[in-house]
$ cat my_file.pdb   # PDB, C-alpha atoms
ATOM      1  CA  MET A1051      -9.112 -20.199   2.956
ATOM      2  CA  ILE A1052      -9.568 -18.169  -0.219
ATOM      3  CA  TYR A1053      -9.551 -14.373   0.001
ATOM      4  CA  LEU A1054     -10.885 -11.801  -2.429
ATOM      5  CA  PHE A1055      -9.147  -8.415  -2.420
ATOM      6  CA  GLU A1056     -11.168  -5.636  -4.066
ATOM      7  CA  LEU A1057      -8.513  -3.370  -5.552
ATOM      8  CA  SER A1058      -8.430   0.362  -6.080
ATOM      9  CA  LYS A1059      -7.922   1.383  -9.706
ATOM     10  CA  GLU A1060      -5.971   4.496  -8.774
ATOM     11  CA  HIS A1061      -2.864   2.853 -10.161
ATOM     12  CA  GLU A1062      -2.303  -0.028 -12.568
ATOM     13  CA  THR A1063       0.387  -1.991 -10.696
ATOM     14  CA  LEU A1064       0.720  -0.648  -7.147
ATOM     15  CA  PRO A1065      -2.357  -2.284  -5.507
ATOM     16  CA  TYR A1066      -1.165  -5.777  -6.469
ATOM     17  CA  SER A1067       2.456  -5.129  -5.491
ATOM     18  CA  GLU A1068       1.412  -3.622  -2.165
ATOM     19  CA  ILE A1069      -0.419  -6.806  -1.162
ATOM     20  CA  VAL A1070       2.313  -9.152  -2.395
ATOM     21  CA  SER A1071       5.005  -7.125  -0.608
ATOM     22  CA  CYS A1072       3.088  -7.327   2.678
ATOM     23  CA  LEU A1073       2.758 -11.089   2.224
ATOM     24  CA  LYS A1074       6.490 -11.374   1.614
ATOM     25  CA  GLY A1075       7.296  -9.181   4.602
ATOM     26  CA  GLU A1076       5.252 -11.382   6.933
ATOM     27  CA  ASN A1077       6.565 -14.625   5.373
ATOM     28  CA  ILE A1078       3.055 -15.764   4.492
ATOM     29  CA  LYS A1079       2.807 -18.737   2.147
ATOM     30  CA  TYR A1080       0.127 -18.196  -0.475
ATOM     31  CA  ASN A1081      -1.072 -19.145  -3.917
ATOM     32  CA  ILE A1082      -2.494 -16.533  -6.287
ATOM     33  CA  LEU A1083      -5.521 -17.984  -8.038
ATOM     34  CA  GLU A1084      -6.474 -14.968 -10.152
ATOM     35  CA  SER A1085      -5.296 -11.409 -10.595
ATOM     36  CA  ASN A1086      -6.381  -8.464 -12.708
ATOM     37  CA  GLU A1087      -6.808  -4.702 -12.365
ATOM     38  CA  ASN A1088      -9.976  -5.198 -10.319
ATOM     39  CA  ILE A1089      -9.317  -8.075  -7.941
ATOM     40  CA  LEU A1090      -6.704 -10.317  -6.386
ATOM     41  CA  LEU A1091      -7.795 -13.809  -5.444
ATOM     42  CA  LEU A1092      -5.431 -15.795  -3.256
ATOM     43  CA  GLU A1093      -5.415 -18.919  -1.126
ATOM     44  CA  THR A1094      -3.522 -19.412   2.123
ATOM     45  CA  SER A1095      -3.689 -21.548   5.245
ATOM     46  CA  GLU A1096      -2.052 -18.812   7.345
ATOM     47  CA  ASP A1097      -5.275 -16.959   8.043
ATOM     48  CA  LYS A1098      -4.233 -15.243  11.267
ATOM     49  CA  LYS A1099      -1.022 -13.856   9.791
ATOM     50  CA  LEU A1100      -2.837 -12.682   6.673
ATOM     51  CA  LYS A1101      -5.452 -10.791   8.689
ATOM     52  CA  ASN A1102      -2.642  -8.894  10.406
ATOM     53  CA  ILE A1103      -1.804  -7.096   7.150
ATOM     54  CA  PHE A1104      -5.326  -5.921   6.293
ATOM     55  CA  SER A1105      -5.084  -2.636   8.202
ATOM     56  CA  ARG A1106      -1.719  -1.837   6.566
ATOM     57  CA  LEU A1107      -3.120  -1.551   3.043
ATOM     58  CA  SER A1108      -4.030   1.702   1.308
ATOM     59  CA  LEU A1109      -4.901   0.772  -2.287
ATOM     60  CA  SER A1110      -7.558  -1.873  -1.606
ATOM     61  CA  PHE A1111     -11.173  -1.292  -0.637
ATOM     62  CA  TYR A1112     -12.403  -4.549   0.902
ATOM     63  CA  ILE A1113     -11.093  -8.013   1.724
ATOM     64  CA  ASP A1114     -13.718 -10.753   1.464
ATOM     65  CA  SER A1115     -13.965 -14.436   2.226
ATOM     66  CA  PHE A1116     -14.415 -15.802  -1.304
ATOM     67  CA  LEU A1117     -17.623 -17.712  -2.091
ATOM     68  CA  PHE A1118     -17.661 -18.071  -5.875
ATOM     69  CA  SER A1119     -17.114 -16.404  -9.242
ATOM     70  CA  CYS A1120     -18.902 -16.980 -12.523
ATOM     71  CA  SER A1121     -19.945 -15.284 -15.739
ATOM     72  CA  THR A1122     -22.333 -12.347 -15.630
ATOM     73  CA  ASP A1123     -25.119 -14.509 -17.078
ATOM     74  CA  ILE A1124     -28.034 -14.564 -14.643
ATOM     75  CA  LYS A1125     -28.485 -18.334 -14.998
ATOM     76  CA  ASP A1126     -24.844 -18.908 -14.064
ATOM     77  CA  ILE A1127     -25.125 -16.563 -11.095
ATOM     78  CA  LYS A1128     -28.253 -18.304  -9.823
ATOM     79  CA  SER A1129     -26.727 -21.767 -10.281
ATOM     80  CA  SER A1130     -23.513 -20.793  -8.466
ATOM     81  CA  ALA A1131     -25.414 -19.147  -5.627
ATOM     82  CA  GLN A1132     -27.592 -22.233  -5.158
ATOM     83  CA  LYS A1133     -24.452 -24.344  -4.668
ATOM     84  CA  THR A1134     -23.130 -21.961  -2.028
ATOM     85  CA  LYS A1135     -23.566 -22.654   1.660
ATOM     86  CA  ILE A1136     -23.166 -19.919   4.271
ATOM     87  CA  SER A1137     -22.696 -21.539   7.649
ATOM     88  CA  LYS A1138     -22.600 -18.348   9.717
ATOM     89  CA  LYS A1139     -25.879 -17.479  11.392
ATOM     90  CA  GLY A1140     -27.475 -14.046  11.622
ATOM     91  CA  THR A1141     -28.921 -11.237   9.553
ATOM     92  CA  ILE A1142     -27.724 -10.697   6.010
ATOM     93  CA  SER A1143     -27.473  -8.062   3.278
ATOM     94  CA  ILE A1144     -26.305  -7.982  -0.340
ATOM     95  CA  LYS A1145     -24.090  -5.141  -1.512
ATOM     96  CA  CYS A1146     -22.499  -4.559  -4.876
ATOM     97  CA  LYS A1147     -19.533  -2.861  -6.531
ATOM     98  CA  ASN A1148     -20.057  -2.514 -10.284
ATOM     99  CA  ARG A1149     -16.903  -1.878 -12.323
ATOM    100  CA  SER A1150     -18.664  -2.510 -15.638
ATOM    101  CA  GLU A1151     -20.238   0.155 -17.816
ATOM    102  CA  LYS A1152     -21.999  -2.503 -19.894
ATOM    103  CA  ILE A1153     -23.707  -4.563 -17.212
ATOM    104  CA  ARG A1154     -26.494  -3.380 -14.967
ATOM    105  CA  SER A1155     -26.294  -4.596 -11.409
ATOM    106  CA  GLN A1156     -29.977  -4.659 -10.403
ATOM    107  CA  LYS A1157     -30.767  -8.135 -11.768
ATOM    108  CA  ILE A1158     -27.577  -9.581 -10.325
ATOM    109  CA  ILE A1159     -28.331  -8.248  -6.847
ATOM    110  CA  LYS A1160     -31.937  -9.445  -7.073
ATOM    111  CA  THR A1161     -30.844 -12.942  -8.105
ATOM    112  CA  LEU A1162     -28.293 -13.199  -5.319
ATOM    113  CA  ALA A1163     -30.835 -11.919  -2.799
ATOM    114  CA  GLU A1164     -33.480 -14.454  -3.866
ATOM    115  CA  VAL A1165     -31.085 -17.355  -3.296
ATOM    116  CA  LEU A1166     -28.718 -16.297  -0.505
ATOM    117  CA  THR A1167     -31.201 -14.519   1.771
ATOM    118  CA  GLU A1168     -33.770 -17.313   1.685
ATOM    119  CA  ASN A1169     -34.977 -18.149   5.217
ATOM    120  CA  ARG A1170     -32.800 -15.358   6.636
ATOM    121  CA  GLU A1171     -33.632 -11.959   8.101
ATOM    122  CA  VAL A1172     -32.397  -9.090   5.926
ATOM    123  CA  ASP A1173     -30.746  -6.101   7.620
ATOM    124  CA  LEU A1174     -29.437  -3.484   5.213
ATOM    125  CA  SER A1175     -27.969  -1.151   7.817
ATOM    126  CA  ASN A1176     -26.076  -3.408  10.243
ATOM    127  CA  PRO A1177     -26.088  -7.029   9.084
ATOM    128  CA  ASP A1178     -24.199  -9.888  10.704
ATOM    129  CA  ILE A1179     -23.220 -11.054   7.214
ATOM    130  CA  GLU A1180     -22.511  -8.684   4.317
ATOM    131  CA  ILE A1181     -22.437 -10.452   0.965
ATOM    132  CA  ARG A1182     -20.437  -8.467  -1.578
ATOM    133  CA  ALA A1183     -20.838  -8.851  -5.336
ATOM    134  CA  PHE A1184     -18.009  -7.407  -7.398
ATOM    135  CA  ILE A1185     -19.014  -7.014 -11.051
ATOM    136  CA  THR A1186     -16.651  -6.689 -14.005
ATOM    137  CA  ASP A1187     -17.348  -6.830 -17.742
ATOM    138  CA  SER A1188     -16.873 -10.601 -17.875
ATOM    139  CA  LYS A1189     -17.298 -11.989 -14.352
ATOM    140  CA  VAL A1190     -19.022 -11.628 -11.023
ATOM    141  CA  TYR A1191     -17.046 -12.292  -7.835
ATOM    142  CA  VAL A1192     -19.008 -12.973  -4.655
ATOM    143  CA  GLY A1193     -17.703 -13.064  -1.100
ATOM    144  CA  ILE A1194     -18.461 -12.293   2.535
ATOM    145  CA  LYS A1195     -16.943  -9.028   3.780
ATOM    146  CA  LEU A1196     -14.164  -9.536   6.297
ATOM    147  CA  PHE A1197     -12.521  -6.133   6.407
ATOM    148  CA  GLU A1198     -13.004  -2.629   5.005
ATOM    149  CA  ILE A1199      -9.946  -0.412   4.517
ATOM    150  CA  ASP A1200     -10.413   2.915   6.278
ATOM    151  CA  ARG A1201      -9.333   5.125   3.392
ATOM    152  CA  THR A1202     -10.688   8.305   5.009
ATOM    153  CA  GLN A1203      -7.717   8.250   7.394
ATOM    154  CA  PHE A1204      -5.364   9.095   4.519
ATOM    155  CA  GLU A1205      -7.446  12.104   3.499
ATOM    156  CA  LYS A1206      -7.344  13.363   7.092
ATOM    157  CA  ARG A1207      -3.536  13.224   7.026
ATOM    158  CA  LYS A1208      -3.108  15.230   3.823
ATOM    159  CA  VAL A1209      -0.425  17.903   3.988
ATOM    160  CA  GLN A1210      -2.751  20.850   4.569
ATOM    161  CA  PHE A1211      -3.891  19.354   7.883
ATOM    162  CA  ARG A1212      -0.375  19.015   9.324
ATOM    163  CA  PRO A1213       1.377  21.620  11.490
ATOM    164  CA  PHE A1214       4.297  21.708   9.017
ATOM    165  CA  PHE A1215       4.194  20.786   5.360
ATOM    166  CA  SER A1216       5.519  21.313   1.870
ATOM    167  CA  PRO A1217       3.305  21.447  -1.232
ATOM    168  CA  ILE A1218       5.445  18.739  -2.894
ATOM    169  CA  SER A1219       4.775  16.186  -0.142
ATOM    170  CA  LEU A1220       3.497  12.750  -1.137
ATOM    171  CA  HIS A1221      -0.156  11.894  -0.632
ATOM    172  CA  PRO A1222      -0.473   9.724   2.525
ATOM    173  CA  LYS A1223      -1.904   6.842   0.464
ATOM    174  CA  ILE A1224       1.224   6.781  -1.700
ATOM    175  CA  ALA A1225       3.524   7.160   1.290
ATOM    176  CA  ARG A1226       1.782   4.162   2.903
ATOM    177  CA  VAL A1227       2.167   2.095  -0.279
ATOM    178  CA  LEU A1228       5.902   2.852  -0.423
ATOM    179  CA  VAL A1229       6.335   1.696   3.168
ATOM    180  CA  ASN A1230       4.458  -1.511   2.379
ATOM    181  CA  LEU A1231       6.554  -2.138  -0.739
ATOM    182  CA  SER A1232       9.620  -2.300   1.511
ATOM    183  CA  CYS A1233       8.304  -5.538   3.137
ATOM    184  CA  ILE A1234       9.077  -4.130   6.592
ATOM    185  CA  LYS A1235       7.503  -5.597   9.731
ATOM    186  CA  LYS A1236       6.203  -3.939  12.874
ATOM    187  CA  ASN A1237       9.000  -2.988  15.331
ATOM    188  CA  GLU A1238      11.681  -3.097  12.614
ATOM    189  CA  VAL A1239      13.673   0.027  11.647
ATOM    190  CA  LEU A1240      12.927   2.150   8.586
ATOM    191  CA  LEU A1241      15.104   5.025   7.377
ATOM    192  CA  ASP A1242      14.100   7.977   5.198
ATOM    193  CA  PRO A1243      17.357   9.852   4.479
ATOM    194  CA  PHE A1244      15.534  12.684   2.653
ATOM    195  CA  CYS A1245      12.644  12.894   5.089
ATOM    196  CA  GLY A1246      11.577  16.462   4.354
ATOM    197  CA  THR A1247       8.316  17.116   6.186
ATOM    198  CA  GLY A1248       7.998  13.480   7.253
ATOM    199  CA  GLY A1249       5.177  12.060   5.113
ATOM    200  CA  ILE A1250       6.768   8.616   4.791
ATOM    201  CA  LEU A1251       7.798   8.584   8.454
ATOM    202  CA  ILE A1252       4.236   9.373   9.565
ATOM    203  CA  GLU A1253       2.806   6.330   7.789
ATOM    204  CA  ALA A1254       5.555   4.007   9.001
ATOM    205  CA  GLY A1255       5.336   5.324  12.564
ATOM    206  CA  LEU A1256       1.576   4.795  12.701
ATOM    207  CA  MET A1257       2.176   1.176  11.674
ATOM    208  CA  GLY A1258       4.335   0.533  14.728
ATOM    209  CA  ILE A1259       7.625   0.704  12.839
ATOM    210  CA  HIS A1260      10.682   2.323  14.416
ATOM    211  CA  ILE A1261      11.563   5.281  12.196
ATOM    212  CA  VAL A1262      14.718   7.248  11.492
ATOM    213  CA  GLY A1263      14.736  10.378   9.370
ATOM    214  CA  SER A1264      17.466  12.693   8.162
ATOM    215  CA  ASP A1265      17.602  15.808   6.046
ATOM    216  CA  ILE A1266      20.268  18.334   5.138
ATOM    217  CA  GLU A1267      17.935  21.233   5.980
ATOM    218  CA  ASP A1268      17.557  22.064   9.662
ATOM    219  CA  LYS A1269      14.113  23.607   9.137
ATOM    220  CA  MET A1270      12.848  20.317   7.681
ATOM    221  CA  ILE A1271      14.024  18.355  10.709
ATOM    222  CA  ASN A1272      12.390  20.851  13.094
ATOM    223  CA  GLY A1273       9.172  20.769  11.072
ATOM    224  CA  CYS A1274       9.229  16.990  10.808
ATOM    225  CA  LYS A1275       9.508  16.720  14.586
ATOM    226  CA  LYS A1276       6.439  18.934  15.013
ATOM    227  CA  THR A1277       4.487  16.739  12.625
ATOM    228  CA  LEU A1278       5.477  13.436  14.220
ATOM    229  CA  ASP A1279       4.621  14.804  17.667
ATOM    230  CA  PHE A1280       1.294  16.056  16.294
ATOM    231  CA  TYR A1281       0.399  12.456  15.350
ATOM    232  CA  ASN A1282       1.634  11.208  18.722
ATOM    233  CA  ILE A1283       4.386   9.114  17.154
ATOM    234  CA  LYS A1284       7.069   8.335  19.728
ATOM    235  CA  ASN A1285       9.383   5.767  18.173
ATOM    236  CA  TYR A1286      11.532   8.087  16.043
ATOM    237  CA  LYS A1287      15.012   9.569  15.677
ATOM    238  CA  LEU A1288      15.817  12.573  13.484
ATOM    239  CA  PHE A1289      19.193  13.830  12.251
ATOM    240  CA  ASN A1290      20.135  17.068  10.519
ATOM    241  CA  THR A1291      22.856  15.646   8.284
ATOM    242  CA  ASP A1292      24.036  14.976   4.757
ATOM    243  CA  ILE A1293      23.248  11.607   3.151
ATOM    244  CA  GLY A1294      26.975  10.811   3.146
ATOM    245  CA  LYS A1295      27.138  10.765   6.947
ATOM    246  CA  ILE A1296      24.020   8.774   7.746
ATOM    247  CA  ASN A1297      25.870   5.469   8.195
ATOM    248  CA  GLN A1298      27.974   7.129  10.906
ATOM    249  CA  LEU A1299      24.856   7.908  12.922
ATOM    250  CA  ILE A1300      22.877   4.693  12.687
ATOM    251  CA  GLY A1301      23.608   1.002  12.248
ATOM    252  CA  GLY A1302      21.939  -1.357   9.791
ATOM    253  CA  VAL A1303      18.282  -0.683   9.031
ATOM    254  CA  ASP A1304      15.581  -3.096   7.851
ATOM    255  CA  ALA A1305      14.269  -0.828   5.086
ATOM    256  CA  VAL A1306      14.980   2.460   3.369
ATOM    257  CA  VAL A1307      12.004   4.331   1.923
ATOM    258  CA  THR A1308      12.534   7.789   0.474
ATOM    259  CA  ASP A1309      11.672  10.206  -2.306
ATOM    260  CA  PHE A1310      14.859  11.668  -3.763
ATOM    261  CA  PRO A1311      15.141  15.480  -4.065
ATOM    262  CA  TYR A1312      14.207  17.006  -7.388
ATOM    263  CA  GLY A1313      13.090  20.259  -8.990
ATOM    264  CA  LYS A1314      13.789  23.910  -8.370
ATOM    265  CA  SER A1315      12.452  23.881  -4.823
ATOM    266  CA  THR A1316      15.031  21.307  -3.729
ATOM    267  CA  THR A1317      18.124  22.225  -1.749
ATOM    268  CA  THR A1318      21.241  20.357  -2.944
ATOM    269  CA  LYS A1319      23.862  22.821  -1.657
ATOM    270  CA  GLY A1320      25.054  23.311  -5.217
ATOM    271  CA  GLU A1321      25.671  19.623  -5.908
ATOM    272  CA  LYS A1322      24.655  18.246  -9.316
ATOM    273  CA  MET A1323      21.625  15.964  -9.136
ATOM    274  CA  HIS A1324      23.381  13.000 -10.770
ATOM    275  CA  ASP A1325      26.242  13.180  -8.260
ATOM    276  CA  LEU A1326      23.811  13.491  -5.353
ATOM    277  CA  TYR A1327      21.840  10.458  -6.516
ATOM    278  CA  ASP A1328      25.002   8.384  -6.910
ATOM    279  CA  ARG A1329      26.131   9.268  -3.380
ATOM    280  CA  ALA A1330      22.662   8.578  -2.052
ATOM    281  CA  PHE A1331      22.419   5.119  -3.583
ATOM    282  CA  LYS A1332      25.915   4.278  -2.384
ATOM    283  CA  ASN A1333      25.260   5.306   1.210
ATOM    284  CA  ILE A1334      21.810   3.747   1.309
ATOM    285  CA  SER A1335      23.400   0.436   0.325
ATOM    286  CA  LYS A1336      25.887   0.833   3.192
ATOM    287  CA  VAL A1337      23.265   1.334   5.896
ATOM    288  CA  LEU A1338      20.717  -1.208   4.584
ATOM    289  CA  LYS A1339      20.853  -4.748   5.973
ATOM    290  CA  LYS A1340      21.453  -7.640   3.585
ATOM    291  CA  ASN A1341      18.390  -9.103   1.841
ATOM    292  CA  CYS A1342      16.406  -5.971   2.758
ATOM    293  CA  ARG A1343      14.683  -3.494   0.462
ATOM    294  CA  ALA A1344      15.095   0.131  -0.516
ATOM    295  CA  VAL A1345      12.100   1.863  -2.117
ATOM    296  CA  ILE A1346      13.258   5.015  -3.892
ATOM    297  CA  GLY A1347      11.369   7.767  -5.686
ATOM    298  CA  ILE A1348      13.227   9.202  -8.705
ATOM    299  CA  PRO A1349      12.190  11.705 -11.381
ATOM    300  CA  ASN A1350      13.460   9.740 -14.387
ATOM    301  CA  GLU A1351      13.645   6.023 -15.157
ATOM    302  CA  ASP A1352      17.044   6.582 -16.786
ATOM    303  CA  LEU A1353      18.391   6.909 -13.220
ATOM    304  CA  ILE A1354      17.458   3.323 -12.312
ATOM    305  CA  PRO A1355      20.875   1.898 -13.391
ATOM    306  CA  ILE A1356      22.662   4.140 -10.856
ATOM    307  CA  GLY A1357      20.933   2.341  -8.020
ATOM    308  CA  ASN A1358      21.502  -1.000  -9.701
ATOM    309  CA  GLU A1359      25.255  -0.484  -9.290
ATOM    310  CA  TYR A1360      24.852  -0.812  -5.521
ATOM    311  CA  MET A1361      21.697  -2.937  -5.077
ATOM    312  CA  LYS A1362      19.670  -5.364  -7.175
ATOM    313  CA  PHE A1363      16.779  -3.853  -9.130
ATOM    314  CA  LYS A1364      13.470  -5.631  -8.441
ATOM    315  CA  GLU A1365      10.656  -3.581  -9.983
ATOM    316  CA  ALA A1366       9.545  -0.045 -10.830
ATOM    317  CA  HIS A1367       6.202   1.750 -10.775
ATOM    318  CA  LYS A1368       5.421   4.849 -12.803
ATOM    319  CA  LEU A1369       3.188   7.387 -11.082
ATOM    320  CA  ARG A1370       1.891  10.657 -12.458
ATOM    321  CA  ALA A1371       1.813  13.105  -9.567
ATOM    322  CA  HIS A1372       0.140  15.801 -11.673
ATOM    323  CA  ARG A1373       0.164  17.020 -15.283
ATOM    324  CA  SER A1374       3.771  18.122 -15.398
ATOM    325  CA  LEU A1375       5.327  15.681 -12.928
ATOM    326  CA  THR A1376       5.881  11.945 -13.248
ATOM    327  CA  ARG A1377       7.718   9.952 -10.611
ATOM    328  CA  PHE A1378       9.180   6.459 -10.712
ATOM    329  CA  PHE A1379       9.173   4.454  -7.501
ATOM    330  CA  VAL A1380      11.823   1.782  -7.708
ATOM    331  CA  ILE A1381      12.390  -1.240  -5.482
ATOM    332  CA  TYR A1382      15.926  -2.463  -4.909
ATOM    333  CA  GLU A1383      17.190  -5.268  -2.699
ATOM    334  CA  LYS A1384      20.590  -5.467  -1.049
ATOM    335  CA  GLN A1385      22.285  -8.715  -1.971
ATOM    336  CA  PRO A1386      24.031 -10.958   0.596
TER     337      PRO A1386
END
$ encode --input "my_file.pdb" --output "structure tokens"
Amino acid sequence: MIYLFELSKEHETLPYSEIVSCLKGENIKYNILESNENILLLETSEDKKLKNIFSRLSLSFYIDSFLFSCSTDIKDIKSSAQKTKISKKGTISIKCKNRSEKIRSQKIIKTLAEVLTENREVDLSNPDIEIRAFITDSKVYVGIKLFEIDRTQFEKRKVQFRPFFSPISLHPKIARVLVNLSCIKKNEVLLDPFCGTGGILIEAGLMGIHIVGSDIEDKMINGCKKTLDFYNIKNYKLFNTDIGKINQLIGGVDAVVTDFPYGKSTTTKGEKMHDLYDRAFKNISKVLKKNCRAVIGIPNEDLIPIGNEYMKFKEAHKLRAHRSLTRFFVIYEKQP
């Protein structure tokens, strides 16, 4: 079956990498047919396994069963639609997402409706079949909606709605992406050794992952516990400890996902940042299982080689948190 992922444009590279990392984590065989900043089109025969990852995603909008794609020319759209057969019975509607500033969507929707709704009852509010047209400057992609990502959940979990938070906490959407980039599966163990208020742990815990957090500040651990309990997350362990002692408290983990300390508000107990980062990378590599991933947030891409001394660099994503702050989220893999 061919699937059409409608991507968020909140970031240039993360939506694609999030999907591919989830596929890798679940050992799903697939073939990417087309990819750009708007869509990801892939083919797989492992439909059940693929559908299991839909609810994990945060930087996609919809996943559709692909019908066809063509140019934005109305004749091409009509011709392609006429060749399309929809076997499912029931009411139908046509909906559209227009990513083009040059192309008007009204004629496209009208053309699709004339062909695809012929001899069918139209229900715009609660159809059995929702046809989605995704319009770009050069192409139209058409599919049947399978799944809609509930992106409102991430807004509801923003820091100001938690019982304990810090203003420098990651947005839940980004925390969820970082967890997904680690390729971790449900019921595996994820460690955040600089857990702070627990933003990464919340997202992992809600996905059914066993979570372990540590922090050098006792108040962060106490606050993190309040937050995890607030979201009714049970499968967690928390330690008030230095990064250098974490491997004494827990055995091998399946993923490490963390945002390294930075800035004036960070407590390092007087240790220089470079030395702290070196110790952190070293100890993360000790506790991480072989062939597993660490996803690390750092303030400067010049720090990437430090991690590469202990684990293999895979990829990096640049993210502007706000005007004066840019973060780099780097994926490493522990070699056998």
$ closest_residue --input "my_file.pdb" --among "A:Lys1362, A:Lys1145, A:Pro1243, A:Leu1369" --to "A:Tyr1327" --atoms "all atoms listed in the file"
A:Pro1243
$ resolve_selection --input "my_file.pdb" --expression "the PyMOL selection byres ((chain A and resi 1088) around 8)" --output "PyMOL selection string"
chain A and resi 1056-1059+1085-1087+1089-1090+1149+1186
$ write_last_selection --input "my_file.pdb" --atoms "C-alpha atoms" --output "compact mmCIF listing (two decimals), in the coordinates of the input"
# COMPACT_ATOMS: atom_id res chain seq x y z
CA GLU A 1056 -11.17 -5.64 -4.07
CA LEU A 1057 -8.51 -3.37 -5.55
CA SER A 1058 -8.43 0.36 -6.08
CA LYS A 1059 -7.92 1.38 -9.71
CA SER A 1085 -5.30 -11.41 -10.60
CA ASN A 1086 -6.38 -8.46 -12.71
CA GLU A 1087 -6.81 -4.70 -12.36
CA ILE A 1089 -9.32 -8.07 -7.94
CA LEU A 1090 -6.70 -10.32 -6.39
CA ARG A 1149 -16.90 -1.88 -12.32
CA THR A 1186 -16.65 -6.69 -14.00
$ residues_around --input "my_file.pdb" --residues "A:Ala1163" --least-positions-apart "4" --cutoff "9 Å" --atoms "only C-alpha atoms" --output "number ranges by chain"
A: 1143-1144, 1158-1159, 1167-1168
$ residues_around --input "my_file.pdb" --residues "A:Glu1365" --least-positions-apart "3" --cutoff "10 Å" --atoms "all atoms listed in the file" --output "MDAnalysis selection string"
chainID A and resid 1067 1345 1354 1362 1379:1383
$ atom_distance --input "my_file.pdb" --atom1 "atom CA of A:Asn1230" --atom2 "atom CA of A:Glu1068"
5.9 Å
$ atom_distance --input "my_file.pdb" --atom1 "atom CA of A:Cys1146" --atom2 "atom CA of A:Leu1054"
13.9 Å
$ closest_residue --input "my_file.pdb" --among "A:Asn1282, A:Ser1175, A:Asn1350, A:Gln1156" --to "A:Ile1142" --atoms "all atoms listed in the file"
A:Ser1175
$ atom_distance --input "my_file.pdb" --atom1 "atom CA of A:Gln1298" --atom2 "atom CA of A:Met1361"
19.9 Å
$ closest_residue --input "my_file.pdb" --among "A:Lys1139, A:Lys1295, A:Arg1377, A:Lys1236" --to "A:Val1172" --atoms "only C-alpha atoms"
A:Lys1139
$ resolve_selection --input "my_file.pdb" --expression "the PyMOL selection byres ((chain A and resi 1274) around 10)" --output "list of chain:residue names"
A:Arg1212, A:Pro1213, A:Phe1214, A:Phe1215, A:Cys1245, A:Gly1246, A:Thr1247, A:Gly1248, A:Gly1249, A:Leu1251, A:Ile1252, A:Gly1263, A:Ser1264, A:Asp1265, A:Asp1268, A:Lys1269, A:Met1270, A:Ile1271, A:Asn1272, A:Gly1273, A:Lys1275, A:Lys1276, A:Thr1277, A:Leu1278, A:Asp1279, A:Phe1280, A:Leu1288
$ resolve_selection --input "my_file.pdb" --expression "the PyMOL selection byres ((chain A and resi 1120) around 12)" --output "MDAnalysis selection string"
chainID A and resid 1117:1119 1121:1131 1158 1183:1192
$ residues_around --input "my_file.pdb" --residues "A:Thr1094" --least-positions-apart "4" --cutoff "8 Å" --atoms "all atoms listed in the file" --output "number ranges by chain"
A: 1051-1052, 1078-1081
$ decode --input "my_file.pdb" --residues "stretch 1083-1099 of chain A" --atoms "C-alpha atoms" --output "tab-separated table (two decimals), in the first residue's frame"
chain	number	residue	atom	x	y	z
A	1083	LEU	CA	8.66	7.11	-3.64
A	1084	GLU	CA	8.79	10.89	-3.23
A	1085	SER	CA	9.84	13.35	-0.57
A	1086	ASN	CA	9.86	17.12	-0.26
A	1087	GLU	CA	9.13	19.78	2.35
A	1088	ASN	CA	5.39	19.21	1.95
A	1089	ILE	CA	4.86	15.47	1.68
A	1090	LEU	CA	6.40	12.05	2.14
A	1091	LEU	CA	5.16	9.30	-0.13
A	1092	LEU	CA	6.14	5.76	0.78
A	1093	GLU	CA	5.21	2.20	-0.07
A	1094	THR	CA	5.16	-0.74	2.32
A	1095	SER	CA	3.51	-4.13	2.66
A	1096	GLU	CA	3.68	-3.96	6.47
A	1097	ASP	CA	0.47	-1.99	6.85
A	1098	LYS	CA	-0.40	-3.04	10.39
A	1099	LYS	CA	3.03	-2.18	11.77
